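For reference, the structure is listed below as structure tokens.
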Amino acid sequence: MEPEARAEPVATAEDGALRRAARAVEVLVSAHVTLARVEASADAARIFDGLVMLASALGLLAIATLLAHAALVVIVHAALGGGWAAAIGALALGDALLAAVLLAIARARLKTPVLVQTRARLAEATTTLRRERREPLSP
């Protein structure tokens, strides 16, 4: 018995168009993934910096409140010659101002949206794909 001759599949124009479309989708997805990785890396660094600033602000507020107030109240009381309440109030105001500045810096670092370019490109690609589904490519 002779082996059966296999018929080679006949490539059609539709096969070529399908391969080109699949390749275009592959390139598009690859570009999106690459951009998302780069953007996510930059955003992660920015968010990390903001969180470090926030932690520093809260840590400084706690340290200043717990460790320095006793000594500073005595110094302010001696310098102002006023009552103990005035010395404590002056220190509390100084701490609040320092904390407000550090929190404002942290908020500014964390305010910017993440993955801006990636989301814009995905929205654009989704719109294009929806349009193509309604209006198929003409041969």
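Ligands are numbered from 1 in the order shown, residues from 1 within each chain, and chains are lettered A, B, ... in the order they appear in the structure tokens.
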Just want the 12 Å neighbourhood of range 65-73 of chain A, counted on only C-alpha atoms, with same-chain residues fewer than 5 positions away dropped. Output as a short mmCIF file (atom, residue, chain, number, x, y, z; two decimals) with N, CA and C atoms, in the first residue's frame.
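Output saved as selection-v1.cif:
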data_model
loop_
_atom_site.label_atom_id
_atom_site.label_comp_id
_atom_site.auth_asym_id
_atom_site.auth_seq_id
_atom_site.Cartn_x
_atom_site.Cartn_y
_atom_site.Cartn_z
N LEU A 58 3.35 61.68 59.12
CA LEU A 58 2.70 61.12 60.30
C LEU A 58 3.70 60.74 61.38
N GLY A 59 4.84 60.20 60.97
CA GLY A 59 5.89 59.85 61.93
C GLY A 59 6.45 61.08 62.63
N LEU A 60 6.70 62.12 61.85
CA LEU A 60 7.19 63.36 62.46
C LEU A 60 6.18 63.95 63.42
N ALA A 78 8.88 79.50 79.64
CA ALA A 78 9.90 80.39 80.20
C ALA A 78 10.11 81.61 79.29
N ALA A 79 10.09 81.39 77.95
CA ALA A 79 10.35 82.48 77.02
C ALA A 79 9.19 83.48 76.96
N LEU A 80 7.96 82.98 76.95
CA LEU A 80 6.80 83.87 76.85
C LEU A 80 6.40 84.46 78.20
N GLY A 81 6.73 83.77 79.22
CA GLY A 81 6.36 84.24 80.54
C GLY A 81 4.87 84.14 80.79
N GLY A 82 4.16 83.50 79.90
CA GLY A 82 2.71 83.35 80.06
C GLY A 82 2.39 82.08 80.81
N GLY A 83 1.16 81.67 80.66
CA GLY A 83 0.72 80.46 81.35
C GLY A 83 1.12 79.21 80.59
N TRP A 84 0.89 78.10 81.26
CA TRP A 84 1.20 76.80 80.65
C TRP A 84 0.30 76.54 79.44
N ALA A 85 -0.92 76.96 79.52
CA ALA A 85 -1.86 76.75 78.41
C ALA A 85 -1.39 77.47 77.14
N ALA A 86 -0.86 78.67 77.29
CA ALA A 86 -0.36 79.42 76.13
C ALA A 86 0.84 78.70 75.51
N ALA A 87 1.72 78.17 76.33
CA ALA A 87 2.90 77.45 75.82
C ALA A 87 2.47 76.19 75.09
N ILE A 88 1.54 75.45 75.64
CA ILE A 88 1.06 74.22 75.00
C ILE A 88 0.35 74.55 73.69
N GLY A 89 -0.45 75.61 73.67
CA GLY A 89 -1.17 76.02 72.46
C GLY A 89 -0.22 76.45 71.35
N ALA A 90 0.82 77.17 71.68
CA ALA A 90 1.80 77.60 70.67
C ALA A 90 2.49 76.40 70.03
N LEU A 91 2.85 75.43 70.83
CA LEU A 91 3.50 74.23 70.28
C LEU A 91 2.52 73.42 69.43
N ALA A 92 1.30 73.31 69.84
CA ALA A 92 0.31 72.57 69.06
C ALA A 92 0.10 73.23 67.70
N LEU A 93 0.08 74.54 67.67
CA LEU A 93 -0.08 75.26 66.40
C LEU A 93 1.11 75.00 65.47
N GLY A 94 2.31 75.04 66.01
CA GLY A 94 3.51 74.76 65.21
C GLY A 94 3.50 73.35 64.63
N ASP A 95 3.11 72.38 65.44
CA ASP A 95 3.02 70.99 64.97
C ASP A 95 1.96 70.85 63.88
N ALA A 96 0.84 71.49 64.07
CA ALA A 96 -0.24 71.41 63.07
C ALA A 96 0.20 72.02 61.74
N LEU A 98 3.34 72.27 60.56
CA LEU A 98 4.31 71.35 59.95
C LEU A 98 3.61 70.14 59.33
N ALA A 99 2.66 69.56 60.04
CA ALA A 99 1.91 68.42 59.52
C ALA A 99 1.12 68.81 58.28
#
Excluding Ala44 in chain A and residues on its chain fewer than 4 positions from it, collect all residues at most 12 Å away from it, counting only C-alpha atoms, and give them as a ChimeraX atom specification. /A:36-40,48-51,109-110,112-115
In Å to one decimal, how far is CA of Thr12 in chain A from CA of Arg131 in chain A?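 Computed distance, CA of Arg131 in chain A to CA of Thr12 in chain A, equals 25.8 Å.
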Could you tell me how far CA of Val33 in chain A sits from CA of Glu14 in chain A, in Å to one decimal place?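 Computing the Euclidean distance for CA of Glu14 in chain A and CA of Val33 in chain A yields 28.3 Å.
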Between CA of Arg46 in chain A and CA of Thr126 in chain A, measure the distance and give it in Å to one decimal. 28.0 Å
Determine, counting only C-alpha atoms, which protein, DNA and RNA residues have an atom within 8 Å of an atom of range 17-32 of chain A; residues of the same chain fewer than 3 positions away are not included. Present the result as a ChimeraX atom specification. /A:13-14,35-36,118,121-122
